[in-house]
$ cat coords_31.csv   # CSV, C-alpha atoms
chain,number,residue,atom,x,y,z
A,1,MET,CA,0.0,0.0,0.0
A,2,ALA,CA,1.2,3.5,-0.9
A,3,LYS,CA,1.9,5.8,2.1
A,4,PRO,CA,2.5,9.5,2.3
A,5,PHE,CA,5.7,10.5,0.5
A,6,LEU,CA,5.9,13.7,2.6
A,7,LYS,CA,5.8,14.1,6.4
A,8,TRP,CA,3.2,16.7,7.0
A,9,ALA,CA,2.0,18.7,10.0
A,10,GLY,CA,-1.4,17.3,11.0
A,11,GLY,CA,-0.8,14.0,9.0
A,12,LYS,CA,-3.4,11.3,9.7
A,13,ARG,CA,-1.3,8.1,9.6
A,14,GLN,CA,-1.7,7.5,13.4
A,15,LEU,CA,-5.4,8.1,13.2
A,16,LEU,CA,-6.1,6.1,10.1
A,17,PRO,CA,-7.6,3.0,11.8
A,18,THR,CA,-10.1,5.2,13.7
A,19,ILE,CA,-11.0,7.3,10.7
A,20,GLN,CA,-11.5,4.2,8.6
A,21,GLN,CA,-13.9,2.8,11.2
A,22,HIS,CA,-16.1,5.9,10.7
A,23,LEU,CA,-16.1,6.0,6.9
A,24,PRO,CA,-19.6,5.9,5.4
A,25,PRO,CA,-20.8,2.3,4.7
A,26,GLN,CA,-21.8,3.4,1.2
A,27,LEU,CA,-18.2,3.2,0.2
A,28,ALA,CA,-18.2,-0.5,0.7
A,29,THR,CA,-21.5,-1.1,-1.0
A,30,GLY,CA,-20.4,0.9,-4.1
A,31,GLU,CA,-23.1,3.5,-3.7
A,32,ILE,CA,-20.4,6.2,-3.4
A,33,GLN,CA,-18.5,6.5,-6.6
A,34,HIS,CA,-16.4,9.6,-6.0
A,35,TYR,CA,-13.9,10.5,-3.3
A,36,ILE,CA,-12.7,14.1,-3.0
A,37,GLU,CA,-10.1,15.4,-0.6
A,38,PRO,CA,-9.4,19.1,-0.4
A,39,PHE,CA,-6.5,20.0,1.9
A,40,VAL,CA,-4.8,16.8,0.7
A,41,GLY,CA,-1.5,17.5,2.6
A,42,GLY,CA,0.3,14.2,2.9
A,43,GLY,CA,-2.7,12.3,1.7
A,44,ALA,CA,-2.7,9.5,4.3
A,45,LEU,CA,-6.4,8.6,3.9
A,46,LEU,CA,-6.1,8.9,0.1
A,47,TRP,CA,-3.4,6.2,0.0
A,48,ALA,CA,-5.3,4.0,2.5
A,49,ILE,CA,-8.6,3.9,0.6
A,50,ALA,CA,-7.3,3.7,-2.9
A,51,PRO,CA,-6.6,-0.1,-2.7
A,52,GLN,CA,-9.6,-0.6,-0.4
A,53,PHE,CA,-12.1,0.9,-2.7
A,54,PRO,CA,-10.6,0.6,-6.2
A,55,HIS,CA,-13.9,1.6,-7.9
A,56,LEU,CA,-13.7,5.2,-6.6
A,57,GLN,CA,-13.0,8.1,-8.9
A,58,ARG,CA,-10.6,10.3,-6.9
A,59,GLY,CA,-10.0,14.0,-6.8
A,60,ILE,CA,-7.6,16.0,-4.7
A,61,LEU,CA,-7.2,19.7,-4.2
A,62,ASP,CA,-4.9,22.0,-2.2
A,63,LEU,CA,-4.1,25.7,-2.1
A,64,ASN,CA,-0.4,25.0,-1.5
A,65,PRO,CA,1.4,25.3,-4.9
A,66,GLU,CA,4.4,23.3,-3.7
A,67,LEU,CA,2.1,20.3,-3.0
A,68,ILE,CA,0.4,20.6,-6.4
A,69,VAL,CA,3.8,20.7,-8.1
A,70,ALA,CA,4.9,17.6,-6.2
A,71,TYR,CA,1.7,15.5,-6.8
A,72,THR,CA,1.6,16.4,-10.4
A,73,THR,CA,5.3,15.5,-10.9
A,74,LEU,CA,4.7,12.1,-9.2
A,75,GLN,CA,1.8,11.6,-11.5
A,76,ARG,CA,3.6,12.5,-14.7
A,77,ASP,CA,7.3,11.6,-14.3
A,78,VAL,CA,8.1,9.5,-11.3
A,79,GLU,CA,11.3,7.9,-12.8
A,80,ALA,CA,12.9,11.3,-13.5
A,81,LEU,CA,12.0,12.4,-10.0
A,82,ILE,CA,13.5,9.3,-8.5
A,83,ALA,CA,16.7,9.9,-10.5
A,84,ASP,CA,17.0,13.5,-9.2
A,85,LEU,CA,16.2,12.4,-5.6
A,86,GLU,CA,18.8,9.6,-5.7
A,87,THR,CA,21.4,12.2,-6.8
A,88,LEU,CA,20.6,14.4,-3.8
A,89,GLN,CA,20.6,11.4,-1.5
A,90,GLY,CA,23.9,10.2,-2.8
A,91,HIS,CA,25.6,13.5,-2.3
A,92,TYR,CA,24.1,14.0,1.1
A,93,PHE,CA,25.4,10.6,2.3
A,94,SER,CA,28.8,11.2,0.8
A,95,LEU,CA,29.3,14.0,3.3
A,96,THR,CA,30.4,13.8,6.9
A,97,PRO,CA,27.8,14.4,9.6
A,98,GLY,CA,29.4,17.8,10.1
A,99,GLN,CA,29.1,18.7,6.4
A,100,GLN,CA,25.5,17.6,5.9
A,101,PRO,CA,23.8,20.6,7.6
A,102,GLN,CA,25.7,22.9,5.3
A,103,TYR,CA,24.4,20.9,2.3
A,104,TYR,CA,20.8,21.1,3.7
A,105,TYR,CA,21.0,24.9,3.9
A,106,GLN,CA,22.5,25.1,0.4
A,107,ILE,CA,19.5,23.2,-1.0
A,108,ARG,CA,17.1,25.2,1.1
A,109,ALA,CA,18.6,28.5,-0.3
A,110,GLN,CA,18.3,27.2,-3.8
A,111,PHE,CA,14.7,26.1,-3.3
A,112,ASN,CA,13.8,29.6,-2.0
A,113,GLN,CA,15.7,31.5,-4.6
A,114,GLN,CA,14.1,29.5,-7.4
A,115,ARG,CA,10.6,30.4,-6.1
A,116,ALA,CA,10.5,34.0,-7.4
A,117,GLY,CA,10.6,33.1,-11.1
A,118,PHE,CA,9.1,29.6,-10.9
A,119,ASP,CA,6.1,28.7,-13.1
A,120,PHE,CA,3.6,27.0,-10.7
A,121,HIS,CA,0.9,26.9,-13.4
A,122,THR,CA,2.2,24.9,-16.3
A,123,TYR,CA,3.9,21.5,-15.9
A,124,ASN,CA,7.5,21.6,-17.2
A,125,PRO,CA,10.9,19.9,-16.4
A,126,PRO,CA,11.9,22.3,-13.6
A,127,TRP,CA,8.9,20.8,-11.6
A,128,ILE,CA,10.9,17.6,-11.3
A,129,GLN,CA,13.9,19.2,-9.7
A,130,ARG,CA,11.8,21.3,-7.4
A,131,THR,CA,9.8,18.2,-6.2
A,132,ALA,CA,13.1,16.4,-5.5
A,133,MET,CA,14.4,19.3,-3.5
A,134,LEU,CA,11.1,19.5,-1.6
A,135,ILE,CA,11.2,15.8,-0.7
A,136,PHE,CA,14.9,16.1,0.3
A,137,LEU,CA,14.2,19.1,2.6
A,138,ASN,CA,11.1,17.4,4.1
A,139,ARG,CA,13.1,14.3,4.9
A,140,THR,CA,16.1,16.1,6.4
A,141,CYS,CA,14.5,19.1,8.1
A,142,PHE,CA,13.5,19.5,11.8
A,143,ASN,CA,10.5,17.3,12.6
A,144,GLY,CA,9.6,16.9,8.9
A,145,LEU,CA,7.6,20.2,9.2
A,146,PHE,CA,6.6,22.2,6.1
A,147,ARG,CA,6.5,25.8,7.1
A,148,VAL,CA,6.9,29.0,5.1
A,149,ASN,CA,7.2,32.6,6.1
A,150,SER,CA,5.1,35.5,4.9
A,151,LYS,CA,7.2,35.6,1.7
A,152,GLY,CA,6.4,32.0,1.0
A,153,GLU,CA,10.0,30.9,1.8
A,154,PHE,CA,10.7,27.5,3.4
A,155,ASN,CA,12.3,28.4,6.7
A,156,VAL,CA,12.6,25.1,8.7
A,157,PRO,CA,16.0,24.4,10.2
A,158,VAL,CA,17.9,21.2,9.6
A,159,GLY,CA,17.0,18.1,11.5
A,160,ARG,CA,19.1,15.6,13.4
A,161,TYR,CA,18.8,12.3,11.6
A,162,LYS,CA,21.6,9.7,11.3
A,163,ASN,CA,20.2,7.9,8.3
A,164,PRO,CA,17.0,9.6,6.8
A,165,LYS,CA,15.2,7.7,4.1
A,166,ILE,CA,15.4,10.4,1.4
A,167,CYS,CA,14.5,8.4,-1.7
A,168,ASP,CA,11.9,5.6,-1.2
A,169,ARG,CA,11.8,4.3,-4.7
A,170,LEU,CA,9.1,1.6,-4.1
A,171,ASN,CA,6.7,4.0,-2.3
A,172,LEU,CA,7.2,6.8,-4.8
A,173,THR,CA,6.3,4.3,-7.6
A,174,GLU,CA,3.2,3.1,-5.8
A,175,VAL,CA,2.1,6.7,-5.1
A,176,SER,CA,2.5,7.4,-8.8
A,177,GLN,CA,0.3,4.5,-9.7
A,178,VAL,CA,-2.5,5.7,-7.4
A,179,LEU,CA,-2.2,9.2,-8.9
A,180,GLN,CA,-2.6,7.9,-12.5
A,181,SER,CA,-6.3,7.8,-11.9
A,182,THR,CA,-6.6,10.8,-9.6
A,183,ARG,CA,-7.6,14.3,-10.6
A,184,ILE,CA,-5.2,16.9,-9.2
A,185,GLU,CA,-6.4,20.5,-8.8
A,186,SER,CA,-5.0,23.7,-7.3
A,187,GLY,CA,-7.1,26.2,-5.4
A,188,ASP,CA,-9.4,27.0,-2.5
A,189,PHE,CA,-11.4,24.2,-0.9
A,190,SER,CA,-14.7,25.8,-2.0
A,191,GLN,CA,-13.9,25.0,-5.7
A,192,ILE,CA,-15.1,21.4,-5.2
A,193,GLU,CA,-18.7,22.6,-5.0
A,194,ALA,CA,-18.9,23.3,-8.8
A,195,GLY,CA,-19.9,20.2,-10.6
A,196,ILE,CA,-19.7,17.8,-7.6
A,197,LYS,CA,-21.5,14.5,-8.3
A,198,PRO,CA,-24.4,13.4,-6.0
A,199,ASN,CA,-22.7,10.0,-5.1
A,200,SER,CA,-19.6,11.6,-3.6
A,201,PHE,CA,-17.8,11.5,-0.3
A,202,VAL,CA,-15.7,14.4,0.8
A,203,TYR,CA,-13.0,14.3,3.5
A,204,PHE,CA,-11.9,17.7,4.8
A,205,ASP,CA,-8.7,17.9,6.8
A,206,PRO,CA,-8.2,21.7,7.0
A,207,PRO,CA,-5.4,23.4,8.8
A,208,TYR,CA,-6.4,23.0,12.4
A,209,ARG,CA,-7.7,25.7,14.6
A,210,PRO,CA,-4.8,26.3,17.0
A,211,LEU,CA,-5.1,25.1,20.6
A,212,ASN,CA,-3.1,28.1,21.7
A,213,ILE,CA,-1.3,31.0,20.2
A,214,THR,CA,2.0,29.1,19.7
A,215,ALA,CA,0.4,25.9,18.3
A,216,SER,CA,-0.6,27.1,14.9
A,217,PHE,CA,0.8,25.4,11.9
A,218,ASN,CA,-1.4,27.3,9.5
A,219,ALA,CA,1.6,28.6,7.6
A,220,TYR,CA,1.3,25.6,5.3
A,221,ALA,CA,0.6,28.4,2.9
A,222,SER,CA,1.4,32.0,3.3
A,223,GLN,CA,-2.3,32.9,3.3
A,224,GLY,CA,-3.0,31.1,6.6
A,225,PHE,CA,-6.4,29.7,7.7
A,226,ASP,CA,-8.3,31.6,10.3
A,227,GLU,CA,-11.7,31.2,12.1
A,228,GLN,CA,-13.5,32.9,9.2
A,229,ASP,CA,-12.2,30.2,7.0
A,230,GLN,CA,-13.3,27.6,9.4
A,231,ILE,CA,-16.8,29.1,9.2
A,232,ARG,CA,-16.6,29.2,5.4
A,233,LEU,CA,-15.8,25.5,5.5
A,234,LYS,CA,-18.8,24.8,7.7
A,235,GLU,CA,-21.1,26.8,5.3
A,236,LEU,CA,-19.8,24.7,2.4
A,237,CYS,CA,-20.6,21.5,4.4
A,238,ASP,CA,-24.2,22.8,4.9
A,239,ARG,CA,-24.6,23.2,1.2
A,240,LEU,CA,-23.1,19.8,0.5
A,241,HIS,CA,-25.4,18.3,3.1
A,242,HIS,CA,-28.5,19.8,1.4
A,243,GLN,CA,-27.4,18.2,-1.9
A,244,GLY,CA,-27.1,14.8,-0.2
A,245,ILE,CA,-23.3,14.7,-0.3
A,246,LEU,CA,-21.6,12.8,2.5
A,247,PHE,CA,-18.7,14.5,4.3
A,248,MET,CA,-16.3,14.1,7.2
A,249,VAL,CA,-14.3,16.9,8.8
A,250,SER,CA,-11.2,16.5,11.0
A,251,ASN,CA,-10.2,19.3,13.4
A,252,SER,CA,-8.6,20.1,16.8
A,253,ASP,CA,-10.6,19.7,19.9
A,254,PRO,CA,-10.6,23.0,21.9
A,255,HIS,CA,-11.5,21.1,25.0
A,256,ASN,CA,-7.9,19.9,25.2
A,257,THR,CA,-6.9,23.3,26.6
A,258,ASN,CA,-10.2,25.0,27.4
A,259,PRO,CA,-13.3,23.0,28.4
A,260,ASP,CA,-15.4,26.1,27.9
A,261,ASP,CA,-14.4,26.6,24.3
A,262,HIS,CA,-17.3,25.2,22.3
A,263,PHE,CA,-16.3,26.7,18.9
A,264,PHE,CA,-16.8,23.5,16.9
A,265,ASP,CA,-19.6,22.0,19.0
A,266,ASP,CA,-21.6,25.2,18.4
A,267,LEU,CA,-20.5,25.5,14.7
A,268,TYR,CA,-21.3,22.0,13.8
A,269,GLY,CA,-24.1,21.5,16.3
A,270,ASP,CA,-26.4,20.0,13.6
A,271,TYR,CA,-24.0,17.2,12.8
A,272,ARG,CA,-22.5,14.1,14.4
A,273,ILE,CA,-19.3,15.0,16.4
A,274,ILE,CA,-17.1,12.4,18.0
A,275,ARG,CA,-13.9,12.9,19.9
A,276,ILE,CA,-11.1,10.5,19.1
A,277,PRO,CA,-7.7,9.9,21.0
A,278,ALA,CA,-4.6,11.3,19.2
A,279,THR,CA,-1.0,12.3,20.1
A,280,ARG,CA,0.5,15.7,19.7
A,281,MET,CA,3.5,14.8,17.6
A,282,ILE,CA,5.0,18.1,16.4
A,283,ASN,CA,6.3,20.2,19.2
A,284,SER,CA,9.9,21.4,19.9
A,285,LYS,CA,9.5,20.4,23.6
A,286,ALA,CA,9.1,16.7,24.2
A,287,ARG,CA,7.1,17.3,27.4
A,288,LYS,CA,4.4,19.0,25.4
A,289,ARG,CA,3.9,15.9,23.2
A,290,GLY,CA,1.3,13.5,24.5
A,291,PRO,CA,-2.3,12.3,24.5
A,292,ILE,CA,-5.0,14.7,23.3
A,293,SER,CA,-8.3,14.3,21.5
A,294,GLU,CA,-9.3,15.4,18.0
A,295,LEU,CA,-12.7,15.9,16.4
A,296,LEU,CA,-14.4,13.9,13.6
A,297,ILE,CA,-17.5,15.6,12.3
A,298,MET,CA,-19.9,13.8,10.0
A,299,ASN,CA,-23.3,14.2,8.4
A,300,TYR,CA,-24.1,10.5,8.5
A,301,GLY,CA,-24.3,7.8,11.1
A,302,ASP,CA,-26.0,7.9,14.5
A,303,ARG,CA,-25.3,10.9,16.7
A,304,PRO,CA,-23.9,10.2,20.2

$ encode --input "coords_31.csv" --output "structure tokens"
Amino acid sequence: MAKPFLKWAGGKRQLLPTIQQHLPPQLATGEIQHYIEPFVGGGALLWAIAPQFPHLQRGILDLNPELIVAYTTLQRDVEALIADLETLQGHYFSLTPGQQPQYYYQIRAQFNQQRAGFDFHTYNPPWIQRTAMLIFLNRTCFNGLFRVNSKGEFNVPVGRYKNPKICDRLNLTEVSQVLQSTRIESGDFSQIEAGIKPNSFVYFDPPYRPLNITASFNAYASQGFDEQDQIRLKELCDRLHHQGILFMVSNSDPHNTNPDDHFFDDLYGDYRIIRIPATRMINSKARKRGPISELLIMNYGDRP
């Protein structure tokens, strides 16, 4: 089974078994023919359900142009990507541990300098090199975190890994196979509403509402994602619900830090909300990593 080729803040690999338990039964019966995932990020659920429900027509969407470049490159030219990535990997491992951070920052600077004149709209050969650099940086940076500043520049420091798996040829090939029959689009999540089919299931995994001021990883794109965007997403869910479209939304549980914060309970009060156990994985301080709960919101199934 293919698995995420990028480590991603908010990735769902640890929660997959629980999420899969709550998928709509119409997926198994074949009544649902279309799977749509805005905010695709690392795509953990996409890779999990592709072999489980091979009949599905799949579509993914994201506002982050770097992700769209990477997914499109994997779809169109995985062998050339692997060749570039193996070159980066080979050079990295030819260096001493003391030299490797310098190489990381060299690639990071090249990645950021290239951005200004880069064509993010039309697929072309430079997309291959940029995707290779993105995967390299993702695999060797601190905590595998994708973060950009207000200028859109990748600004994560180097990580401390003895033997990072930079080029996973087998998984990249399997990811490419899944993407051969997956529609890839760039843009705001609301774009899915135009032309959506009645027999569709949509999984929304938006940038989470931060549990506190310092916990936000919404810089996945320089535009950010605030509470008004969370409300826009809920309003889209309402419109999909009225069309008979099934959906699931993941988000943070405000009760982890403030039992009186009922933002999502109030916002999605008409829908089924369950709390599932999770672990806070991305934090610079180990003592702040540990058990928390997250929310799954659905417009199907029995409400608790």

$ closest_residue --input "coords_31.csv" --among "A:Asp77, A:Asp261, A:Asp266, A:Asp253" --to "Ile292 (chain A)" --atoms "only C-alpha atoms"
A:Asp253

$ residues_around --input "coords_31.csv" --residues "Ala116 (chain A)" --least-positions-apart "4" --cutoff "10 Å" --atoms "all atoms listed in the file" --output "VMD selection string"
chain A and resid 111 to 112 151 to 153

$ closest_residue --input "coords_31.csv" --among "A:Leu85, A:Asn251, A:Phe154, A:Tyr35" --to "Asp265 (chain A)" --atoms "all atoms listed in the file"
A:Asn251

$ residues_around --input "coords_31.csv" --residues "Asp84 (chain A)" --least-positions-apart "3" --cutoff "9 Å" --atoms "all atoms listed in the file" --output "short mmCIF file (atom, residue, chain, number, x, y, z; two decimals) with C-alpha atoms, in the coordinates of the input"
data_model
loop_
_atom_site.label_atom_id
_atom_site.label_comp_id
_atom_site.auth_asym_id
_atom_site.auth_seq_id
_atom_site.Cartn_x
_atom_site.Cartn_y
_atom_site.Cartn_z
CA GLU A 79 11.30 7.90 -12.80
CA ALA A 80 12.90 11.30 -13.50
CA LEU A 81 12.00 12.40 -10.00
CA THR A 87 21.40 12.20 -6.80
CA LEU A 88 20.60 14.40 -3.80
CA GLN A 89 20.60 11.40 -1.50
CA ILE A 128 10.90 17.60 -11.30
CA GLN A 129 13.90 19.20 -9.70
CA ALA A 132 13.10 16.40 -5.50
CA MET A 133 14.40 19.30 -3.50
#

$ atom_distance --input "coords_31.csv" --atom1 "CA of Thr279 (chain A)" --atom2 "CA of Asn149 (chain A)"
26.0 Å

$ atom_distance --input "coords_31.csv" --atom1 "CA of Pro254 (chain A)" --atom2 "CA of Gly269 (chain A)"
14.7 Å

$ atom_distance --input "coords_31.csv" --atom1 "CA of Ser293 (chain A)" --atom2 "CA of Arg147 (chain A)"
23.6 Å

$ closest_residue --input "coords_31.csv" --among "A:Tyr123, A:Arg209, A:Ala278, A:Ala83" --to "Gly11 (chain A)" --atoms "all atoms listed in the file"
A:Ala278

$ residues_around --input "coords_31.csv" --residues "Asn199 (chain A)" --least-positions-apart "6" --cutoff "10 Å" --atoms "all atoms listed in the file" --output "list of chain:residue names"
A:Gln26, A:Leu27, A:Gly30, A:Glu31, A:Ile32, A:Gln33, A:His34, A:Tyr35, A:Gln243, A:Gly244, A:Ile245, A:Leu246

$ residues_near_point --input "coords_31.csv" --point "(-12.7, 11.8, 20.9)" --cutoff "7 Å" --atoms "only C-alpha atoms" --output "VMD selection string"
chain A and resid 274 to 277 293 to 295

$ residues_around --input "coords_31.csv" --residues "Leu74 (chain A)" --least-positions-apart "2" --cutoff "10 Å" --atoms "only C-alpha atoms" --output "list of chain:residue names"
A:Phe5, A:Ile68, A:Val69, A:Ala70, A:Tyr71, A:Thr72, A:Arg76, A:Asp77, A:Val78, A:Glu79, A:Ala80, A:Leu81, A:Ile82, A:Trp127, A:Ile128, A:Thr131, A:Leu172, A:Thr173, A:Glu174, A:Val175, A:Ser176, A:Gln177, A:Val178, A:Leu179, A:Gln180

$ closest_residue --input "coords_31.csv" --among "A:Cys141, A:Ile107, A:Leu296, A:Ile273" --to "Pro157 (chain A)" --atoms "all atoms listed in the file"
A:Cys141

$ closest_residue --input "coords_31.csv" --among "A:Leu95, A:Ala50, A:Ala2, A:Leu45" --to "Thr18 (chain A)" --atoms "only C-alpha atoms"
A:Leu45

$ decode --input "coords_31.csv" --residues "region 122-185 of chain A" --atoms "C-alpha atoms" --output "PDB file, in the first residue's frame"
ATOM      1  CA  THR A 122       2.188  24.872 -16.328  1.00  0.00           C
ATOM      2  CA  TYR A 123       3.914  21.524 -15.898  1.00  0.00           C
ATOM      3  CA  ASN A 124       7.486  21.641 -17.172  1.00  0.00           C
ATOM      4  CA  PRO A 125      10.863  19.927 -16.444  1.00  0.00           C
ATOM      5  CA  PRO A 126      11.871  22.255 -13.555  1.00  0.00           C
ATOM      6  CA  TRP A 127       8.930  20.790 -11.585  1.00  0.00           C
ATOM      7  CA  ILE A 128      10.924  17.557 -11.292  1.00  0.00           C
ATOM      8  CA  GLN A 129      13.946  19.225  -9.693  1.00  0.00           C
ATOM      9  CA  ARG A 130      11.758  21.302  -7.366  1.00  0.00           C
ATOM     10  CA  THR A 131       9.838  18.242  -6.186  1.00  0.00           C
ATOM     11  CA  ALA A 132      13.110  16.405  -5.541  1.00  0.00           C
ATOM     12  CA  MET A 133      14.367  19.334  -3.452  1.00  0.00           C
ATOM     13  CA  LEU A 134      11.067  19.509  -1.554  1.00  0.00           C
ATOM     14  CA  ILE A 135      11.184  15.818  -0.656  1.00  0.00           C
ATOM     15  CA  PHE A 136      14.865  16.091   0.292  1.00  0.00           C
ATOM     16  CA  LEU A 137      14.194  19.070   2.576  1.00  0.00           C
ATOM     17  CA  ASN A 138      11.128  17.410   4.064  1.00  0.00           C
ATOM     18  CA  ARG A 139      13.087  14.280   4.896  1.00  0.00           C
ATOM     19  CA  THR A 140      16.059  16.081   6.431  1.00  0.00           C
ATOM     20  CA  CYS A 141      14.496  19.131   8.117  1.00  0.00           C
ATOM     21  CA  PHE A 142      13.515  19.480  11.765  1.00  0.00           C
ATOM     22  CA  ASN A 143      10.508  17.267  12.585  1.00  0.00           C
ATOM     23  CA  GLY A 144       9.556  16.932   8.913  1.00  0.00           C
ATOM     24  CA  LEU A 145       7.636  20.185   9.195  1.00  0.00           C
ATOM     25  CA  PHE A 146       6.587  22.170   6.130  1.00  0.00           C
ATOM     26  CA  ARG A 147       6.510  25.815   7.141  1.00  0.00           C
ATOM     27  CA  VAL A 148       6.886  28.997   5.135  1.00  0.00           C
ATOM     28  CA  ASN A 149       7.232  32.644   6.121  1.00  0.00           C
ATOM     29  CA  SER A 150       5.099  35.543   4.859  1.00  0.00           C
ATOM     30  CA  LYS A 151       7.156  35.619   1.654  1.00  0.00           C
ATOM     31  CA  GLY A 152       6.430  31.961   0.976  1.00  0.00           C
ATOM     32  CA  GLU A 153      10.001  30.904   1.774  1.00  0.00           C
ATOM     33  CA  PHE A 154      10.656  27.540   3.378  1.00  0.00           C
ATOM     34  CA  ASN A 155      12.304  28.361   6.720  1.00  0.00           C
ATOM     35  CA  VAL A 156      12.566  25.131   8.720  1.00  0.00           C
ATOM     36  CA  PRO A 157      16.029  24.422  10.195  1.00  0.00           C
ATOM     37  CA  VAL A 158      17.944  21.214   9.562  1.00  0.00           C
ATOM     38  CA  GLY A 159      16.950  18.136  11.524  1.00  0.00           C
ATOM     39  CA  ARG A 160      19.106  15.635  13.392  1.00  0.00           C
ATOM     40  CA  TYR A 161      18.836  12.313  11.613  1.00  0.00           C
ATOM     41  CA  LYS A 162      21.564   9.688  11.337  1.00  0.00           C
ATOM     42  CA  ASN A 163      20.159   7.917   8.300  1.00  0.00           C
ATOM     43  CA  PRO A 164      17.045   9.608   6.848  1.00  0.00           C
ATOM     44  CA  LYS A 165      15.214   7.728   4.083  1.00  0.00           C
ATOM     45  CA  ILE A 166      15.361  10.421   1.436  1.00  0.00           C
ATOM     46  CA  CYS A 167      14.468   8.391  -1.656  1.00  0.00           C
ATOM     47  CA  ASP A 168      11.945   5.577  -1.174  1.00  0.00           C
ATOM     48  CA  ARG A 169      11.773   4.265  -4.734  1.00  0.00           C
ATOM     49  CA  LEU A 170       9.135   1.609  -4.053  1.00  0.00           C
ATOM     50  CA  ASN A 171       6.734   3.960  -2.295  1.00  0.00           C
ATOM     51  CA  LEU A 172       7.169   6.761  -4.831  1.00  0.00           C
ATOM     52  CA  THR A 173       6.332   4.283  -7.585  1.00  0.00           C
ATOM     53  CA  GLU A 174       3.227   3.074  -5.759  1.00  0.00           C
ATOM     54  CA  VAL A 175       2.131   6.659  -5.074  1.00  0.00           C
ATOM     55  CA  SER A 176       2.515   7.422  -8.777  1.00  0.00           C
ATOM     56  CA  GLN A 177       0.327   4.450  -9.682  1.00  0.00           C
ATOM     57  CA  VAL A 178      -2.478   5.716  -7.440  1.00  0.00           C
ATOM     58  CA  LEU A 179      -2.178   9.193  -8.928  1.00  0.00           C
ATOM     59  CA  GLN A 180      -2.593   7.921 -12.491  1.00  0.00           C
ATOM     60  CA  SER A 181      -6.338   7.795 -11.884  1.00  0.00           C
ATOM     61  CA  THR A 182      -6.588  10.798  -9.555  1.00  0.00           C
ATOM     62  CA  ARG A 183      -7.613  14.304 -10.592  1.00  0.00           C
ATOM     63  CA  ILE A 184      -5.248  16.933  -9.164  1.00  0.00           C
ATOM     64  CA  GLU A 185      -6.386  20.541  -8.823  1.00  0.00           C
TER      65      GLU A 185
END
